[in-house]
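Source file: my_file26.cif. Holds: mmCIF, C-alpha atoms (C1' of nucleotides).
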data_protein
#
loop_
_atom_site.group_PDB
_atom_site.id
_atom_site.type_symbol
_atom_site.label_atom_id
_atom_site.label_comp_id
_atom_site.auth_asym_id
_atom_site.auth_seq_id
_atom_site.Cartn_x
_atom_site.Cartn_y
_atom_site.Cartn_z
ATOM 1 C CA MET A 1 47.735 22.787 -42.713
ATOM 2 C CA ALA A 2 48.296 26.422 -41.838
ATOM 3 C CA TYR A 3 45.539 28.422 -40.256
ATOM 4 C CA ASN A 4 45.064 32.175 -40.524
ATOM 5 C CA ILE A 5 43.336 32.203 -37.158
ATOM 6 C CA PRO A 6 43.346 29.487 -34.488
ATOM 7 C CA VAL A 7 39.593 29.033 -34.503
ATOM 8 C CA GLU A 8 39.961 27.357 -37.894
ATOM 9 C CA ALA A 9 41.561 24.405 -36.105
ATOM 10 C CA THR A 10 38.370 24.049 -34.085
ATOM 11 C CA LEU A 11 36.223 24.217 -37.188
ATOM 12 C CA ASP A 12 38.311 21.477 -38.761
ATOM 13 C CA VAL A 13 37.308 19.107 -35.977
ATOM 14 C CA ILE A 14 33.702 20.057 -35.263
ATOM 15 C CA GLY A 15 32.725 21.514 -38.613
ATOM 16 C CA GLY A 16 30.154 19.753 -40.707
ATOM 17 C CA LYS A 17 26.456 19.300 -40.473
ATOM 18 C CA TRP A 18 26.264 16.495 -37.926
ATOM 19 C CA LYS A 19 29.378 16.361 -35.777
ATOM 20 C CA VAL A 20 28.229 18.768 -33.099
ATOM 21 C CA VAL A 21 24.871 17.041 -32.896
ATOM 22 C CA ILE A 22 26.523 13.634 -32.547
ATOM 23 C CA MET A 23 28.853 14.907 -29.847
ATOM 24 C CA CYS A 24 25.982 16.533 -27.963
ATOM 25 C CA HIS A 25 24.313 13.133 -27.760
ATOM 26 C CA LEU A 26 27.529 11.396 -26.723
ATOM 27 C CA ILE A 27 28.011 13.905 -23.890
ATOM 28 C CA LYS A 28 25.078 12.228 -22.173
ATOM 29 C CA GLY A 29 26.759 8.833 -22.396
ATOM 30 C CA GLU A 30 27.953 6.229 -24.860
ATOM 31 C CA LYS A 31 25.557 5.256 -27.618
ATOM 32 C CA ARG A 32 25.148 2.446 -30.096
ATOM 33 C CA THR A 33 24.841 3.177 -33.798
ATOM 34 C CA SER A 34 21.132 2.390 -33.802
ATOM 35 C CA GLU A 35 20.525 4.659 -30.827
ATOM 36 C CA LEU A 36 22.229 7.545 -32.580
ATOM 37 C CA LYS A 37 20.150 6.891 -35.659
ATOM 38 C CA ARG A 38 16.985 7.061 -33.581
ATOM 39 C CA LEU A 39 18.145 10.255 -31.883
ATOM 40 C CA MET A 40 18.861 11.863 -35.259
ATOM 41 C CA PRO A 41 15.924 11.003 -37.528
ATOM 42 C CA GLY A 42 17.259 13.208 -40.299
ATOM 43 C CA ILE A 43 20.626 11.545 -40.675
ATOM 44 C CA THR A 44 21.259 8.751 -43.128
ATOM 45 C CA GLN A 45 23.165 5.608 -42.282
ATOM 46 C CA LYS A 46 25.936 6.682 -44.589
ATOM 47 C CA MET A 47 26.374 10.127 -43.088
ATOM 48 C CA LEU A 48 26.262 8.766 -39.561
ATOM 49 C CA THR A 49 28.997 6.238 -40.293
ATOM 50 C CA GLN A 50 31.041 8.778 -42.207
ATOM 51 C CA GLN A 51 30.886 11.442 -39.528
ATOM 52 C CA LEU A 52 31.661 8.907 -36.804
ATOM 53 C CA ARG A 53 34.685 7.691 -38.766
ATOM 54 C CA GLU A 54 35.958 11.231 -39.090
ATOM 55 C CA LEU A 55 35.402 11.958 -35.425
ATOM 56 C CA GLU A 56 37.197 8.727 -34.626
ATOM 57 C CA SER A 57 40.199 9.523 -36.808
ATOM 58 C CA ASP A 58 40.343 12.984 -35.243
ATOM 59 C CA GLY A 59 40.582 11.281 -31.855
ATOM 60 C CA VAL A 60 37.323 12.736 -30.611
ATOM 61 C CA VAL A 61 35.284 9.553 -30.270
ATOM 62 C CA ASN A 62 36.029 5.960 -29.323
ATOM 63 C CA ARG A 63 34.564 3.120 -31.324
ATOM 64 C CA THR A 64 34.195 -0.101 -29.377
ATOM 65 C CA VAL A 65 33.169 -3.229 -31.225
ATOM 66 C CA PHE A 66 31.611 -6.177 -29.403
ATOM 67 C CA GLU A 67 32.207 -9.339 -31.372
ATOM 68 C CA GLN A 68 28.770 -10.812 -31.208
ATOM 69 C CA VAL A 69 25.775 -11.510 -33.393
ATOM 70 C CA PRO A 70 24.013 -9.304 -34.194
ATOM 71 C CA PRO A 71 26.970 -6.923 -34.117
ATOM 72 C CA LYS A 72 27.170 -4.268 -31.443
ATOM 73 C CA VAL A 73 29.225 -1.117 -31.741
ATOM 74 C CA VAL A 74 29.352 1.562 -29.090
ATOM 75 C CA TYR A 75 30.578 5.127 -29.488
ATOM 76 C CA SER A 76 31.781 7.409 -26.721
ATOM 77 C CA LEU A 77 33.754 10.620 -26.351
ATOM 78 C CA THR A 78 37.484 10.303 -25.778
ATOM 79 C CA GLU A 79 39.299 12.495 -23.280
ATOM 80 C CA TYR A 80 40.269 14.684 -26.209
ATOM 81 C CA GLY A 81 36.616 14.819 -27.161
ATOM 82 C CA TRP A 82 35.708 15.925 -23.650
ATOM 83 C CA SER A 83 38.041 18.891 -24.048
ATOM 84 C CA LEU A 84 35.500 20.237 -26.534
ATOM 85 C CA ARG A 85 32.800 20.199 -23.895
ATOM 86 C CA PRO A 86 32.879 23.958 -23.148
ATOM 87 C CA ILE A 87 32.113 24.603 -26.805
ATOM 88 C CA LEU A 88 29.351 22.020 -26.956
ATOM 89 C CA ASP A 89 27.802 23.300 -23.735
ATOM 90 C CA ALA A 90 27.857 26.880 -24.960
ATOM 91 C CA MET A 91 26.281 25.866 -28.265
ATOM 92 C CA CYS A 92 23.577 23.780 -26.605
ATOM 93 C CA ALA A 93 22.798 26.535 -24.118
ATOM 94 C CA TRP A 94 22.517 29.152 -26.820
ATOM 95 C CA GLY A 95 20.265 26.911 -28.889
ATOM 96 C CA GLU A 96 17.982 26.339 -25.915
ATOM 97 C CA GLY A 97 17.813 30.026 -25.182
ATOM 98 C CA HIS A 98 17.201 31.187 -28.725
ATOM 99 C CA ILE A 99 15.203 28.483 -30.418
ATOM 100 C CA ASP A 100 11.912 30.315 -29.766
ATOM 101 C CA LEU A 101 13.204 33.574 -31.199
ATOM 102 C CA THR A 102 14.355 31.681 -34.249
ATOM 103 C CA SER A 103 10.887 30.223 -34.761
ATOM 104 C CA GLU A 104 9.296 33.645 -34.382
ATOM 105 C CA LYS A 105 11.637 35.014 -36.965
ATOM 106 C CA ALA A 106 10.693 32.227 -39.356
ATOM 107 C CA VAL A 107 7.044 33.194 -38.975
ATOM 108 C CA GLN A 108 7.495 36.884 -39.703
ATOM 109 C CA MET B 1 11.786 24.747 -39.013
ATOM 110 C CA ALA B 2 11.589 22.048 -36.363
ATOM 111 C CA TYR B 3 14.739 20.911 -34.622
ATOM 112 C CA ASN B 4 15.354 17.519 -33.135
ATOM 113 C CA ILE B 5 17.758 19.025 -30.646
ATOM 114 C CA PRO B 6 18.186 22.695 -29.724
ATOM 115 C CA VAL B 7 21.821 22.856 -30.774
ATOM 116 C CA GLU B 8 20.633 22.672 -34.380
ATOM 117 C CA ALA B 9 19.295 26.213 -33.977
ATOM 118 C CA THR B 10 22.819 27.322 -33.130
ATOM 119 C CA LEU B 11 24.259 25.530 -36.128
ATOM 120 C CA ASP B 12 21.716 27.255 -38.357
ATOM 121 C CA VAL B 13 23.158 30.614 -37.375
ATOM 122 C CA ILE B 14 26.883 29.943 -37.092
ATOM 123 C CA GLY B 15 27.200 26.964 -39.432
ATOM 124 C CA GLY B 16 29.160 27.392 -42.611
ATOM 125 C CA LYS B 17 32.791 27.661 -43.421
ATOM 126 C CA TRP B 18 33.347 31.342 -42.706
ATOM 127 C CA LYS B 19 30.749 32.683 -40.292
ATOM 128 C CA VAL B 20 32.603 31.808 -37.102
ATOM 129 C CA VAL B 21 35.825 33.249 -38.494
ATOM 130 C CA ILE B 22 34.089 36.475 -39.507
ATOM 131 C CA MET B 23 32.477 36.802 -36.098
ATOM 132 C CA CYS B 24 35.776 36.162 -34.339
ATOM 133 C CA HIS B 25 37.239 39.121 -36.180
ATOM 134 C CA LEU B 26 34.219 41.318 -35.443
ATOM 135 C CA ILE B 27 34.524 40.546 -31.729
ATOM 136 C CA LYS B 28 37.641 42.689 -31.727
ATOM 137 C CA GLY B 29 35.741 45.606 -33.198
ATOM 138 C CA GLU B 30 33.885 46.732 -36.302
ATOM 139 C CA LYS B 31 35.553 46.113 -39.631
ATOM 140 C CA ARG B 32 35.242 47.332 -43.178
ATOM 141 C CA THR B 33 34.793 44.890 -46.035
ATOM 142 C CA SER B 34 38.361 45.379 -47.228
ATOM 143 C CA GLU B 35 39.744 44.817 -43.733
ATOM 144 C CA LEU B 36 37.874 41.531 -43.440
ATOM 145 C CA LYS B 37 39.198 40.494 -46.820
ATOM 146 C CA ARG B 38 42.742 41.200 -45.673
ATOM 147 C CA LEU B 39 42.175 39.284 -42.429
ATOM 148 C CA MET B 40 40.860 36.282 -44.348
ATOM 149 C CA PRO B 41 43.177 35.780 -47.306
ATOM 150 C CA GLY B 42 41.412 32.552 -48.265
ATOM 151 C CA ILE B 43 37.947 33.998 -48.699
ATOM 152 C CA THR B 44 36.660 35.284 -52.007
ATOM 153 C CA GLN B 45 34.759 38.521 -52.420
ATOM 154 C CA LYS B 46 31.660 36.574 -53.248
ATOM 155 C CA MET B 47 31.749 34.340 -50.175
ATOM 156 C CA LEU B 48 32.519 37.247 -47.888
ATOM 157 C CA THR B 49 29.531 39.216 -49.155
ATOM 158 C CA GLN B 50 27.308 36.158 -49.092
ATOM 159 C CA GLN B 51 28.201 35.163 -45.544
ATOM 160 C CA LEU B 52 27.861 38.751 -44.321
ATOM 161 C CA ARG B 53 24.425 39.002 -45.918
ATOM 162 C CA GLU B 54 23.328 35.825 -44.172
ATOM 163 C CA LEU B 55 24.702 36.968 -40.832
ATOM 164 C CA GLU B 56 22.920 40.258 -41.356
ATOM 165 C CA SER B 57 19.585 38.659 -42.152
ATOM 166 C CA ASP B 58 19.986 36.429 -39.093
ATOM 167 C CA GLY B 59 20.395 39.596 -37.037
ATOM 168 C CA VAL B 60 23.916 38.758 -35.962
ATOM 169 C CA VAL B 61 25.773 41.589 -37.663
ATOM 170 C CA ASN B 62 25.033 45.214 -38.456
ATOM 171 C CA ARG B 63 25.846 46.642 -41.837
ATOM 172 C CA THR B 64 26.415 50.370 -41.819
ATOM 173 C CA VAL B 65 26.793 52.169 -45.126
ATOM 174 C CA PHE B 66 28.502 55.532 -45.328
ATOM 175 C CA GLU B 67 27.279 57.384 -48.390
ATOM 176 C CA GLN B 68 30.571 58.602 -49.714
ATOM 177 C CA VAL B 69 32.977 58.007 -52.540
ATOM 178 C CA PRO B 70 34.701 55.656 -52.525
ATOM 179 C CA PRO B 71 31.998 53.698 -50.710
ATOM 180 C CA LYS B 72 32.540 52.689 -47.105
ATOM 181 C CA VAL B 73 30.679 49.877 -45.400
ATOM 182 C CA VAL B 74 31.297 48.830 -41.830
ATOM 183 C CA TYR B 75 30.245 45.591 -40.187
ATOM 184 C CA SER B 76 29.830 45.000 -36.470
ATOM 185 C CA LEU B 77 28.184 42.494 -34.175
ATOM 186 C CA THR B 78 24.658 43.262 -33.014
ATOM 187 C CA GLU B 79 23.567 42.690 -29.443
ATOM 188 C CA TYR B 80 22.132 39.406 -30.633
ATOM 189 C CA GLY B 81 25.496 38.611 -32.172
ATOM 190 C CA TRP B 82 27.203 39.334 -28.872
ATOM 191 C CA SER B 83 25.036 36.691 -27.241
ATOM 192 C CA LEU B 84 27.048 34.163 -29.236
ATOM 193 C CA ARG B 85 30.244 35.336 -27.624
ATOM 194 C CA PRO B 86 30.565 32.435 -25.123
ATOM 195 C CA ILE B 87 30.545 30.036 -28.065
ATOM 196 C CA LEU B 88 33.055 32.048 -30.064
ATOM 197 C CA ASP B 89 35.332 32.433 -27.054
ATOM 198 C CA ALA B 90 35.226 28.711 -26.327
ATOM 199 C CA MET B 91 35.982 27.892 -29.952
ATOM 200 C CA CYS B 92 38.854 30.373 -30.158
ATOM 201 C CA ALA B 93 40.316 29.137 -26.882
ATOM 202 C CA TRP B 94 40.147 25.510 -27.949
ATOM 203 C CA GLY B 95 41.753 26.326 -31.261
ATOM 204 C CA GLU B 96 44.601 28.154 -29.557
ATOM 205 C CA GLY B 97 45.148 25.293 -27.171
ATOM 206 C CA HIS B 98 45.040 22.504 -29.731
ATOM 207 C CA ILE B 99 46.451 23.928 -32.913
ATOM 208 C CA ASP B 100 49.899 22.446 -32.197
ATOM 209 C CA LEU B 101 48.516 18.994 -31.569
ATOM 210 C CA THR B 102 46.620 19.242 -34.815
ATOM 211 C CA SER B 103 49.782 20.087 -36.726
ATOM 212 C CA GLU B 104 51.633 17.184 -35.113
ATOM 213 C CA LYS B 105 48.869 14.881 -36.174
ATOM 214 C CA ALA B 106 49.121 16.137 -39.746
ATOM 215 C CA VAL B 107 52.829 15.293 -39.732
ATOM 216 C CA GLN B 108 52.445 11.740 -38.491
ATOM 217 C "C1'" DA C 1 13.499 -21.623 -46.748
ATOM 218 C "C1'" DA C 2 12.340 -16.791 -45.966
ATOM 219 C "C1'" DC C 3 12.963 -12.943 -42.988
ATOM 220 C "C1'" DC C 4 14.661 -10.041 -39.103
ATOM 221 C "C1'" DA C 5 18.098 -6.991 -36.846
ATOM 222 C "C1'" DT C 6 22.718 -5.153 -36.628
ATOM 223 C "C1'" DA C 7 26.525 -2.366 -38.681
ATOM 224 C "C1'" DG C 8 28.230 -1.099 -42.418
ATOM 225 C "C1'" DG C 9 30.350 -0.991 -47.694
ATOM 226 C "C1'" DC C 10 29.947 0.753 -52.344
ATOM 227 C "C1'" DA C 11 28.400 2.995 -56.625
ATOM 228 C "C1'" DC C 12 25.855 6.503 -58.276
ATOM 229 C "C1'" DT C 13 23.124 10.851 -58.223
ATOM 230 C "C1'" DT C 14 21.635 15.110 -56.364
ATOM 231 C "C1'" DT C 15 22.203 19.153 -53.743
ATOM 232 C "C1'" DT C 16 24.839 22.488 -51.624
ATOM 233 C "C1'" DT C 17 28.740 25.163 -51.330
ATOM 234 C "C1'" DA C 18 32.453 27.539 -53.125
ATOM 235 C "C1'" DG C 19 35.378 29.531 -56.835
ATOM 236 C "C1'" DT C 20 36.204 32.219 -61.409
ATOM 237 C "C1'" DA C 21 35.533 35.690 -64.340
ATOM 238 C "C1'" DC C 22 33.630 39.651 -65.664
ATOM 239 C "C1'" DC C 23 30.254 43.626 -64.792
ATOM 240 C "C1'" DT C 24 28.461 48.228 -62.410
ATOM 241 C "C1'" DA C 25 29.088 53.003 -60.188
ATOM 242 C "C1'" DC C 26 31.565 56.968 -58.431
ATOM 243 C "C1'" DC C 27 35.149 60.425 -58.156
ATOM 244 C "C1'" DA C 28 40.165 61.318 -58.125
ATOM 245 C "C1'" DT C 29 44.511 61.190 -60.085
ATOM 246 C "C1'" DC C 30 47.830 60.623 -63.881
ATOM 247 C "C1'" DG D 1 40.723 59.318 -71.618
ATOM 248 C "C1'" DA D 2 42.655 55.370 -69.025
ATOM 249 C "C1'" DT D 3 43.463 53.614 -64.282
ATOM 250 C "C1'" DG D 4 42.730 52.952 -59.331
ATOM 251 C "C1'" DG D 5 40.117 52.003 -55.125
ATOM 252 C "C1'" DT D 6 35.757 50.781 -52.857
ATOM 253 C "C1'" DA D 7 31.785 47.573 -52.399
ATOM 254 C "C1'" DG D 8 29.492 45.001 -54.443
ATOM 255 C "C1'" DG D 9 26.277 41.995 -58.449
ATOM 256 C "C1'" DT D 10 25.754 38.100 -61.639
ATOM 257 C "C1'" DA D 11 26.429 34.081 -64.555
ATOM 258 C "C1'" DC D 12 28.784 30.069 -64.999
ATOM 259 C "C1'" DT D 13 31.625 26.249 -63.361
ATOM 260 C "C1'" DA D 14 33.990 23.188 -60.118
ATOM 261 C "C1'" DA D 15 34.268 20.793 -56.008
ATOM 262 C "C1'" DA D 16 32.561 19.132 -51.757
ATOM 263 C "C1'" DA D 17 28.868 17.380 -49.098
ATOM 264 C "C1'" DA D 18 24.940 14.737 -48.672
ATOM 265 C "C1'" DG D 19 21.350 11.411 -50.200
ATOM 266 C "C1'" DT D 20 19.613 6.916 -52.464
ATOM 267 C "C1'" DG D 21 19.573 2.320 -53.380
ATOM 268 C "C1'" DC D 22 21.361 -1.986 -53.170
ATOM 269 C "C1'" DC D 23 24.926 -5.198 -51.297
ATOM 270 C "C1'" DT D 24 27.427 -8.126 -47.411
ATOM 271 C "C1'" DA D 25 27.641 -11.147 -42.999
ATOM 272 C "C1'" DT D 26 25.675 -13.763 -39.005
ATOM 273 C "C1'" DG D 27 22.570 -16.428 -36.224
ATOM 274 C "C1'" DG D 28 17.935 -16.715 -34.511
ATOM 275 C "C1'" DT D 29 12.989 -16.758 -35.279
ATOM 276 C "C1'" DT D 30 8.773 -17.932 -37.962
#
Once more with this new file: its structure as structure tokens, please.
Amino acid sequence: MAYNIPVEATLDVIGGKWKVVIMCHLIKGEKRTSELKRLMPGITQKMLTQQLRELESDGVVNRTVFEQVPPKVVYSLTEYGWSLRPILDAMCAWGEGHIDLTSEKAVQ
Amino acid sequence: MAYNIPVEATLDVIGGKWKVVIMCHLIKGEKRTSELKRLMPGITQKMLTQQLRELESDGVVNRTVFEQVPPKVVYSLTEYGWSLRPILDAMCAWGEGHIDLTSEKAVQ
DNA sequence: AACCATAGGCACTTTTTAGTACCTACCATC
DNA sequence: GATGGTAGGTACTAAAAAGTGCCTATGGTT
């Protein structure tokens, strides 16, 4: 996969509708599948699983399965995933600072 | 538009396949349409125009038209667009630092 | 026996996103 | 008079992303 500009490599990993949101939740600590679902009311089970699988195969998140009934699976950021933290922090900070302006714009 | 988490506001503005790439080029200075096309060999005329229109209506880029023949249109980041710079810088830096690892992974 | 919760698989459909092809207008040059 | 270069527009199609509904397994509760 050749990139015309390095930032495309970043987009390959964090691109998509839900990955950044998932990672922003995982920054605050490991989460079970059901917790993530509660934190993201708009996501479907399928998309959550799919995005987590992709993040896992990209080495960004760890998936830990506890062999018990009912099943328990916990997701957390890997060290590689933590290297994305500056990006996630910048995105979260910008969102917090500009969410009001965005709403105003929507009203105009 | 209600967000479950502020970072979704950020994704609304910079989400999409090309917007971050376009903005990364505009960071280095204003560009004409044809320059952007040359810098992004993979983008089609239609997508370039479409993404620029969206960035413009989000207040992130300026579109300056010079009334001459042949037409000349120049795009640049607005002040609001510059506020996204920490995100763009972090994404570019991560891409530069991890592009090799990504290629290795693709080879495995 | 029926039902719950968990974590997900799978087939199918819909929606969104992106690509192709062809169109405009202007003036200059060949 | 045809062609080139610029900056698009538009209709149609293809591909990717996302959503829906129904399925599994297990053991405990009602």
Would you write out, as a ChimeraX atom specification, every residue that the PyMOL selection byres ((chain B) within 10 of (chain C)) captures in this file?
-> /B:16-17,43-44,46-47,68-71
Once you have the residues from the selection above, write them out as a PDB file, keeping the file's coordinate frame, restricted to C-alpha atoms.
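Saved file part_21.pdb follows:
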ATOM      1  CA  GLY B  16      29.160  27.392 -42.611  1.00  0.00           C
ATOM      2  CA  LYS B  17      32.791  27.661 -43.421  1.00  0.00           C
ATOM      3  CA  ILE B  43      37.947  33.998 -48.699  1.00  0.00           C
ATOM      4  CA  THR B  44      36.660  35.284 -52.007  1.00  0.00           C
ATOM      5  CA  LYS B  46      31.660  36.574 -53.248  1.00  0.00           C
ATOM      6  CA  MET B  47      31.749  34.340 -50.175  1.00  0.00           C
ATOM      7  CA  GLN B  68      30.571  58.602 -49.714  1.00  0.00           C
ATOM      8  CA  VAL B  69      32.977  58.007 -52.540  1.00  0.00           C
ATOM      9  CA  PRO B  70      34.701  55.656 -52.525  1.00  0.00           C
ATOM     10  CA  PRO B  71      31.998  53.698 -50.710  1.00  0.00           C
TER      11      PRO B  71
END
Pick from B:Leu55, B:Leu77, B:Val61, B:Ile99 nearest to chain A, counting all atoms listed in the file | B:Ile99
Output of the PyMOL selection byres ((chain A) within 8 of (chain B)), listed as a VMD selection string = chain A and resid 1 4 to 11 15 to 17 20 to 21 39 to 41 83 to 84 86 to 87 90 to 96 98 to 99 102 to 103 106
For the atom pair CA of Lys19 (chain B) and CA of Glu35 (chain B), what is the interatomic distance in Å to one decimal place?
-> 15.5 Å
To box region 6-20 of chain D, take all atoms listed in the file, fit an axis-aligned box, add 6 Å on each side, and give centre and edge lengths in Å to one decimal, as JSON.
{"center_x": 27.7, "center_y": 28.8, "center_z": -56.8, "size_x": 28.1, "size_y": 55.9, "size_z": 28.3}
Could you tell me, as a PDB file with C-alpha atoms, in the frame of the given file, exactly which residues end up selected when the PyMOL selection byres ((chain B and resi 62) around 12) is applied to this structure?
ATOM      1  CA  MET B  23      32.477  36.802 -36.098  1.00  0.00           C
ATOM      2  CA  LEU B  26      34.219  41.318 -35.443  1.00  0.00           C
ATOM      3  CA  GLY B  29      35.741  45.606 -33.198  1.00  0.00           C
ATOM      4  CA  GLU B  30      33.885  46.732 -36.302  1.00  0.00           C
ATOM      5  CA  LYS B  31      35.553  46.113 -39.631  1.00  0.00           C
ATOM      6  CA  ARG B  32      35.242  47.332 -43.178  1.00  0.00           C
ATOM      7  CA  LEU B  52      27.861  38.751 -44.321  1.00  0.00           C
ATOM      8  CA  ARG B  53      24.425  39.002 -45.918  1.00  0.00           C
ATOM      9  CA  GLU B  54      23.328  35.825 -44.172  1.00  0.00           C
ATOM     10  CA  LEU B  55      24.702  36.968 -40.832  1.00  0.00           C
ATOM     11  CA  GLU B  56      22.920  40.258 -41.356  1.00  0.00           C
ATOM     12  CA  SER B  57      19.585  38.659 -42.152  1.00  0.00           C
ATOM     13  CA  ASP B  58      19.986  36.429 -39.093  1.00  0.00           C
ATOM     14  CA  GLY B  59      20.395  39.596 -37.037  1.00  0.00           C
ATOM     15  CA  VAL B  60      23.916  38.758 -35.962  1.00  0.00           C
ATOM     16  CA  VAL B  61      25.773  41.589 -37.663  1.00  0.00           C
ATOM     17  CA  ARG B  63      25.846  46.642 -41.837  1.00  0.00           C
ATOM     18  CA  THR B  64      26.415  50.370 -41.819  1.00  0.00           C
ATOM     19  CA  VAL B  65      26.793  52.169 -45.126  1.00  0.00           C
ATOM     20  CA  VAL B  73      30.679  49.877 -45.400  1.00  0.00           C
ATOM     21  CA  VAL B  74      31.297  48.830 -41.830  1.00  0.00           C
ATOM     22  CA  TYR B  75      30.245  45.591 -40.187  1.00  0.00           C
ATOM     23  CA  SER B  76      29.830  45.000 -36.470  1.00  0.00           C
ATOM     24  CA  LEU B  77      28.184  42.494 -34.175  1.00  0.00           C
ATOM     25  CA  THR B  78      24.658  43.262 -33.014  1.00  0.00           C
ATOM     26  CA  GLU B  79      23.567  42.690 -29.443  1.00  0.00           C
ATOM     27  CA  TYR B  80      22.132  39.406 -30.633  1.00  0.00           C
ATOM     28  CA  GLY B  81      25.496  38.611 -32.172  1.00  0.00           C
ATOM     29  CA  TRP B  82      27.203  39.334 -28.872  1.00  0.00           C
TER      30      TRP B  82
END
